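Chemist: Below is the structure I would like to discuss, written out as structure tokens.
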Amino acid sequence: MAADPARPPGSPRAQMPHLRKMERVVVSMQDPDQGVKMRSQRLLVTVIPHAVTGRDVVQWLAQKFCVSEEEALHLGAVLVLHGYIYPLRDPRSLVLRPDETPYRFQTPYFWTSTLWPAAELDYAIYLAKKNIQKQGALVDYEKECYDRLHKKISHVWDLVLMQAREQLRAAKQRRKGDRLVIAFQEQTYWLVNRPPPGAPSVLEQGPERGSRTASHVHMTKSADFYTREIEYCRRALGRTRVKSSVCLEAYLSFCDQHGPHDPLVSGCLPSNPWISDDDAYWVMNAPTVAAPTKLRVERWGFSFKELLEDPMGRAHFMDFLGKEFSGENLSFWEACEELRYGAQAQVPTLVDAVYQQFLAPGAARWVNIDSRTMERTLEGLRQPHRYVLDAAQLHIYMLMKKDSYPRFLKSDIYRGLLAEAGILLETKRRVFPFTRRPRRSSPSPALLPTPVEPTAASGPAGGDGVA
Amino acid sequence: MCRNLHQVAERVEALGQFVMKTRRTLKGHGNKVLCMDWCKDKRRIVSSSQDGKVIVWDSFTTNKEHAVTMPCTWVMACAYAPSGCAIACGGLDNKCSVYPLTFDKNENMAAKKKSVAMHTNYLSACSFTNSDMQILTASGDGTCALWDVESGQLLQSFHGHGADVLCLDLAPSETGNTFVSGGCDKKAMVWDMRSGQCVQAFETHESDINSVRYYPSGDAFASGSDDATCRLYDLRADREVAIYSKESIIFGASSVDFSLSGRLLFAGYNDYTINVWDVLKGSRVSILFGHENRVSTLRVSPDGTAFCSGSWDHTLRVWA
């Protein structure tokens, strides 16, 4: 068989590291001392050496990788699917049975990584051999392939038939045992590389990666490119790196704090909707619900970000700011968000509206920014773009985070909410736990009228919450 | 000598036994499922497949609500808009298109389709930013790009990857605009959306990076690669801090996501399995069987009550 020596760099073979790993496993399985127990297998009158049983394969894998039998069986099944191990009794079915069923290891010559991609010429020769050997030996899909190949490479068909006959003649001179083994090996190779319709194609990789267009991306190494590289390196060198120990501790405390709020780790009350088919959990935690749960109110205390992310939390915070006569800060921040993530065409309008309402001298809801930031912002407003208010927005955000937020957490509003929020009791177990509850549907967000958010442009006075 | 996360986490209590099962199976795609995304309502999802079909499901009831057929095959990217009123998708057509969702029986969804992004190679990933009006895309042409949905205008492009970009994720940060991307050049790169510059890069994987996802605090991100490992990179320490691998895991990880607290990392693999990792201790908590072909996409629901996996076996499964 002709292997393809001239494989282009970055070829699919390099992109299949799992093949090499499977091969290493299979090689260690054949180790005379540490490998799977080998025995000779009798097939009708012929004796095939170096066979293993499915059960031994599974147990060897379970022991070697310290995994359960279920996982070992799955791993073994994957090896069989890729043709690294083939069954002796039912060679067309690449399935691993964890019993006395005999299997054999594929010869490296036929490994997928050795002979990839499979050549059409070779397939034609293989099918021709089968056809010559026994009339009607070809299965339906093989017959179709045979006819198709005959049409496609009809100009070399004489070569195909000649090769086929030559290989059959050479095979006759071998011992029956060897002849059988080679036939199995070849058949397995073609089952993997030309699977029958309906069988999964394990070699399919999806759309090609690393094609030529991507290499064009390599920027031309101009002076500009190097300037950017130098800048990147300079920034990287100068960047403050936090000590690993500090970072790692941060994960521990984050997971610890959020653990009780993680439904998949700690469960959720009254029940996980996906498990119980009851959507009560979602109803209780809807964006606008009369009584927020205690867990939800607790989360507002974890960080300023968590508070703002919850529309209900944000609304309560807005109320609080209103009492402190600093509601314009949050409104300003929201208006800046709208600008940053808004449509490109809206940018000039939005910038102007924000300026008029929050930044102009004597504006209705003037925000208190430090003079330097104000100066820079006003300068930038001459050429408005979506990021022109970033500095001012950050200043106001930090102000709220460092000043208003901690006071909010100590306020009567927040403390009151925490106290009111009940702790839930788990729903009593139903008498008939197997009754199927009808799964309630919910209206699609696409059906609901789009909520009207108070925008800078519409400029309502007074602190109102977000819809 | 830098310590790694697993050493520091030795004193943390081990997790109990995990029993996660398939709670919903969504059948309806006639071909390999390539991508999925959750709606903010915590129950609807959009999924896309090899034959060009994009379906919106209420996965709680398993009803299909919308279906559209793209004019191309291998729709490798799809995303749900934050408002829940539109979806975006793309693939071998090199474009990213936005479809407003309509329940009007007389309207053909394909009629209102808006073509937003144009790349010179396949679209591998797309995501809306904080609103319906901006989309971030990653492409096989080695670049990422930020687009204005309304006009289709290119707002910013991101050059730096040396090969196909396969995945991206937006940072859950409170102030900045950054996102991370992973590619065939084995690099994960963090970008500043405003300037288009690469801020940080990490290169420790040994093969293509198929999936990147931020840790919930935004201080780190995880990556899944064809080298059969998942890794955790810390942004403040500027280095890799954890590897999630096992000798028995041979096939590439195609898709990763964190549970709500970041304690669990769910990863879908090309050997048809899903492995659940303890992020802090580095141990594999559970292995989930069920899919009959490779797992191509995996996302945890917005409220963390479940996660959904899509596979080349034509189905999606919701696990809890």
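Each chain in the structure tokens gets a letter, A, B and so on, in the order shown; residues start at 1 in every chain, and ligands are counted from 1 in the order they appear.
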Please identify the helix (DSSP H, G or I) residues within segment 52-287 of chain B (assignment by DSSP from backbone atoms) and present them as number ranges by chain.
Modeler: B: 109-112
Chemist: I need the residues from that last selection saved to file as a PDB file, in the first residue's frame (with all heavy atoms), if you can.
Modeler:
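Dumped everything to out.pdb:
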ATOM      1  N   MET B 109     -38.978  34.200   9.159  1.00  0.00           N
ATOM      2  CA  MET B 109     -37.853  34.719   9.945  1.00  0.00           C
ATOM      3  C   MET B 109     -36.688  35.108   9.057  1.00  0.00           C
ATOM      4  O   MET B 109     -35.987  36.078   9.328  1.00  0.00           O
ATOM      5  CB  MET B 109     -37.387  33.670  10.955  1.00  0.00           C
ATOM      6  CG  MET B 109     -37.792  34.011  12.367  1.00  0.00           C
ATOM      7  SD  MET B 109     -37.291  32.755  13.533  1.00  0.00           S
ATOM      8  CE  MET B 109     -35.573  33.151  13.748  1.00  0.00           C
ATOM      9  N   ALA B 110     -36.482  34.349   8.006  1.00  0.00           N
ATOM     10  CA  ALA B 110     -35.339  34.616   7.143  1.00  0.00           C
ATOM     11  C   ALA B 110     -35.466  35.955   6.434  1.00  0.00           C
ATOM     12  O   ALA B 110     -34.466  36.557   6.035  1.00  0.00           O
ATOM     13  CB  ALA B 110     -35.196  33.490   6.128  1.00  0.00           C
ATOM     14  N   ALA B 111     -36.706  36.455   6.321  1.00  0.00           N
ATOM     15  CA  ALA B 111     -36.903  37.704   5.590  1.00  0.00           C
ATOM     16  C   ALA B 111     -36.307  38.889   6.316  1.00  0.00           C
ATOM     17  O   ALA B 111     -35.784  39.817   5.717  1.00  0.00           O
ATOM     18  CB  ALA B 111     -38.401  37.928   5.368  1.00  0.00           C
ATOM     19  N   LYS B 112     -36.366  38.844   7.688  1.00  0.00           N
ATOM     20  CA  LYS B 112     -35.881  39.996   8.445  1.00  0.00           C
ATOM     21  C   LYS B 112     -34.415  39.858   8.812  1.00  0.00           C
ATOM     22  O   LYS B 112     -33.887  40.605   9.624  1.00  0.00           O
ATOM     23  CB  LYS B 112     -36.699  40.120   9.742  1.00  0.00           C
ATOM     24  CG  LYS B 112     -38.115  40.644   9.532  1.00  0.00           C
ATOM     25  CD  LYS B 112     -38.172  42.120   9.814  1.00  0.00           C
ATOM     26  CE  LYS B 112     -39.455  42.724   9.308  1.00  0.00           C
ATOM     27  NZ  LYS B 112     -40.550  42.563  10.273  1.00  0.00           N
TER      28      LYS B 112
END
Chemist: Taking only C-alpha atoms into account, what are the residues of chain A at most 7 Å from chain B, put as a ChimeraX atom specification?
Modeler: /A:17-18,21,65,209-210,213-215,217-218,241-244,247-248,255,258-259,262-264,272,274-275,305,341-344,394,439,441,445-446
Chemist: Taking C-alpha atoms for each residue, export the selection above as an mmCIF file, in the first residue's frame.
Modeler:
data_model
loop_
_atom_site.group_PDB
_atom_site.id
_atom_site.type_symbol
_atom_site.label_atom_id
_atom_site.label_comp_id
_atom_site.auth_asym_id
_atom_site.auth_seq_id
_atom_site.Cartn_x
_atom_site.Cartn_y
_atom_site.Cartn_z
ATOM 1 C CA PRO A 17 -2.827 14.272 19.177
ATOM 2 C CA HIS A 18 -5.338 11.778 20.513
ATOM 3 C CA LYS A 21 -1.896 8.904 22.793
ATOM 4 C CA PHE A 65 -5.690 4.308 34.867
ATOM 5 C CA ARG A 209 -8.307 24.423 10.415
ATOM 6 C CA GLY A 210 -5.092 26.265 9.742
ATOM 7 C CA THR A 213 -6.081 32.276 4.630
ATOM 8 C CA ALA A 214 -5.016 32.295 8.257
ATOM 9 C CA SER A 215 -1.342 32.409 7.350
ATOM 10 C CA VAL A 217 -2.937 37.086 8.810
ATOM 11 C CA HIS A 218 0.711 37.202 9.743
ATOM 12 C CA ARG A 241 1.690 41.178 38.973
ATOM 13 C CA VAL A 242 -0.113 40.114 42.070
ATOM 14 C CA LYS A 243 1.539 37.472 44.183
ATOM 15 C CA SER A 244 0.278 33.997 43.349
ATOM 16 C CA CYS A 247 -4.617 35.229 43.799
ATOM 17 C CA LEU A 248 -5.027 31.646 44.845
ATOM 18 C CA CYS A 255 -15.934 29.704 45.979
ATOM 19 C CA HIS A 258 -20.709 31.752 46.475
ATOM 20 C CA GLY A 259 -20.936 28.035 47.208
ATOM 21 C CA ASP A 262 -24.582 27.584 43.476
ATOM 22 C CA PRO A 263 -27.533 25.274 42.690
ATOM 23 C CA LEU A 264 -25.323 22.544 41.241
ATOM 24 C CA ASN A 272 -34.216 22.514 41.163
ATOM 25 C CA TRP A 274 -34.956 20.629 36.033
ATOM 26 C CA ILE A 275 -35.133 17.820 38.563
ATOM 27 C CA LYS A 305 -21.224 44.500 40.780
ATOM 28 C CA TYR A 341 -23.263 49.480 24.192
ATOM 29 C CA GLY A 342 -25.630 51.415 22.006
ATOM 30 C CA ALA A 343 -26.037 51.615 18.276
ATOM 31 C CA GLN A 344 -23.307 53.486 16.436
ATOM 32 C CA LEU A 394 -15.307 55.220 36.078
ATOM 33 C CA ARG A 439 -44.230 21.510 32.878
ATOM 34 C CA SER A 441 -44.543 27.030 29.723
ATOM 35 C CA PRO A 445 -39.089 37.307 25.964
ATOM 36 C CA ALA A 446 -39.577 37.896 22.255
#
Chemist: In segment 11-227 of chain B, what's strand (DSSP E or B) per DSSP? Answer as number ranges by chain?
Modeler: B: 22-27, 33-38, 44-49, 53-58, 63-69, 77-80, 86-90, 95-100, 114-118, 123-128, 134-139, 143-148, 154-159, 165-170, 178-183, 188-192, 198-202, 209-214, 220-225
Chemist: Excluding Cys35 of chain B and any residue of its chain fewer than 5 positions from it, enumerate the residues within 9 Å of it, using only C-alpha atoms, and give them as a list in words.
Modeler: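 Counting only the stated atoms, we get Val46, Ser47, Ser48, Ser49, Val75, Met76, Ala77, Cys78, Ala79, Ala125, Ser296, Thr297, Leu298, Ser309, Gly310 and Ser311 of chain B.
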Chemist: The selected residues should be written to file as a short mmCIF file (atom, residue, chain, number, x, y, z; two decimals), in the first residue's frame (atoms: N, CA, C and O atoms).
Modeler:
data_model
loop_
_atom_site.label_atom_id
_atom_site.label_comp_id
_atom_site.auth_asym_id
_atom_site.auth_seq_id
_atom_site.Cartn_x
_atom_site.Cartn_y
_atom_site.Cartn_z
N VAL B 46 -30.81 28.48 22.11
CA VAL B 46 -30.71 28.44 20.66
C VAL B 46 -29.60 27.45 20.33
O VAL B 46 -28.59 27.37 21.04
N SER B 47 -29.80 26.65 19.28
CA SER B 47 -28.77 25.69 18.90
C SER B 47 -28.63 25.67 17.38
O SER B 47 -29.59 25.96 16.66
N SER B 48 -27.42 25.34 16.92
CA SER B 48 -27.17 25.34 15.47
C SER B 48 -26.47 24.05 15.08
O SER B 48 -25.78 23.43 15.89
N SER B 49 -26.64 23.65 13.83
CA SER B 49 -26.09 22.36 13.42
C SER B 49 -25.41 22.39 12.06
O SER B 49 -25.39 23.40 11.37
N VAL B 75 -22.96 25.52 10.75
CA VAL B 75 -23.21 26.75 11.51
C VAL B 75 -22.54 26.56 12.87
O VAL B 75 -23.11 25.98 13.79
N MET B 76 -21.31 27.04 12.99
CA MET B 76 -20.49 26.72 14.16
C MET B 76 -20.66 27.69 15.31
O MET B 76 -20.12 27.46 16.39
N ALA B 77 -21.40 28.78 15.05
CA ALA B 77 -21.55 29.76 16.12
C ALA B 77 -22.99 30.21 16.19
O ALA B 77 -23.65 30.41 15.17
N CYS B 78 -23.50 30.34 17.41
CA CYS B 78 -24.82 30.93 17.57
C CYS B 78 -24.87 31.59 18.94
O CYS B 78 -24.14 31.19 19.86
N ALA B 79 -25.71 32.62 19.07
CA ALA B 79 -25.80 33.34 20.33
C ALA B 79 -27.19 33.92 20.50
O ALA B 79 -27.85 34.26 19.52
N ALA B 125 -17.05 31.68 16.37
CA ALA B 125 -17.74 32.03 17.62
C ALA B 125 -18.33 33.43 17.50
O ALA B 125 -17.80 34.27 16.77
N SER B 296 -19.83 18.78 21.40
CA SER B 296 -19.24 19.90 20.69
C SER B 296 -19.43 21.23 21.39
O SER B 296 -18.70 22.18 21.14
N THR B 297 -20.42 21.31 22.30
CA THR B 297 -20.70 22.58 22.94
C THR B 297 -21.30 22.33 24.32
O THR B 297 -22.00 21.33 24.53
N LEU B 298 -21.01 23.23 25.26
CA LEU B 298 -21.49 23.04 26.63
C LEU B 298 -21.59 24.41 27.30
O LEU B 298 -20.64 25.18 27.28
N SER B 309 -25.57 20.40 27.02
CA SER B 309 -24.50 19.97 26.14
C SER B 309 -25.09 19.63 24.78
O SER B 309 -26.18 19.08 24.70
N GLY B 310 -24.34 19.96 23.72
CA GLY B 310 -24.78 19.62 22.37
C GLY B 310 -23.75 18.68 21.78
O GLY B 310 -22.57 18.76 22.10
N SER B 311 -24.20 17.78 20.93
CA SER B 311 -23.28 16.75 20.44
C SER B 311 -23.45 16.47 18.96
O SER B 311 -24.47 16.77 18.36
#
Chemist: Please measure the separation of atom CA of Val25 of chain A and atom CA of Ala77 of chain A, giving the value in Å to one decimal.
Modeler: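 Computing it gives 13.2 Å between the two atoms.
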Chemist: How many Å lie between atom CA of Val256 of chain B and atom CA of Pro302 of chain B, rounded to one decimal?
Modeler: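 Atom CA of Pro302 of chain B lies at a distance of 14.7 Å from atom CA of Val256 of chain B.
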Chemist: Residues at most 12 Å from Gln167 of chain A, counting only C-alpha atoms, excluding those fewer than 2 positions away in the same chain, as a list of chain:residue names?
Modeler: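 Answer for this query is A:Met1, A:Asp122, A:Ile125, A:Tyr126, A:Ala128, A:Lys129, A:Lys130, A:Ile132, A:Gln133, A:Val160, A:Leu161, A:Met162, A:Gln163, A:Ala164, A:Arg165, A:Arg169, A:Ala170, A:Ala171, A:Lys172, A:Gln173, A:Arg174, A:Arg179, A:Ile182, A:Ala183.
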Chemist: Store the residues of this selection in a file with C-alpha atoms, as a PDB file, in the first residue's frame.
Modeler:
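Result file result-v6.pdb:
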ATOM      1  CA  MET A   1       0.000   0.000   0.000  1.00  0.00           C
ATOM      2  CA  ASP A 122      -5.897   1.336  -2.233  1.00  0.00           C
ATOM      3  CA  ILE A 125      -7.703  -2.576  -4.885  1.00  0.00           C
ATOM      4  CA  TYR A 126      -9.218  -3.829  -1.629  1.00  0.00           C
ATOM      5  CA  ALA A 128     -11.490  -5.547  -6.262  1.00  0.00           C
ATOM      6  CA  LYS A 129      -9.820  -8.277  -4.212  1.00  0.00           C
ATOM      7  CA  LYS A 130     -13.031  -8.990  -2.365  1.00  0.00           C
ATOM      8  CA  ILE A 132     -12.592 -11.399  -7.333  1.00  0.00           C
ATOM      9  CA  GLN A 133     -12.255 -13.716  -4.367  1.00  0.00           C
ATOM     10  CA  VAL A 160      -6.212  -1.993  -9.931  1.00  0.00           C
ATOM     11  CA  LEU A 161      -7.198  -5.464 -11.126  1.00  0.00           C
ATOM     12  CA  MET A 162      -3.608  -6.459 -11.649  1.00  0.00           C
ATOM     13  CA  GLN A 163      -2.618  -5.380  -8.138  1.00  0.00           C
ATOM     14  CA  ALA A 164      -5.644  -7.132  -6.687  1.00  0.00           C
ATOM     15  CA  ARG A 165      -4.792 -10.415  -8.395  1.00  0.00           C
ATOM     16  CA  ARG A 169      -1.757 -14.705  -5.302  1.00  0.00           C
ATOM     17  CA  ALA A 170       0.833 -13.654  -2.698  1.00  0.00           C
ATOM     18  CA  ALA A 171      -1.672 -14.257   0.081  1.00  0.00           C
ATOM     19  CA  LYS A 172      -2.313 -17.844  -1.046  1.00  0.00           C
ATOM     20  CA  GLN A 173       1.320 -18.619  -0.355  1.00  0.00           C
ATOM     21  CA  ARG A 174       0.980 -17.723   3.300  1.00  0.00           C
ATOM     22  CA  ARG A 179      -3.824 -15.014   5.809  1.00  0.00           C
ATOM     23  CA  ILE A 182      -4.043  -9.971   7.474  1.00  0.00           C
ATOM     24  CA  ALA A 183      -7.570 -10.111   6.125  1.00  0.00           C
TER      25      ALA A 183
END
Chemist: Could you list, as a PyMOL selection string, every residue within 8 Å of Ser211 of chain B, counting only C-alpha atoms and ignoring same-chain residues fewer than 2 positions away?
Modeler: chain B and resi 166-168+182+209+213+223-225+253-256
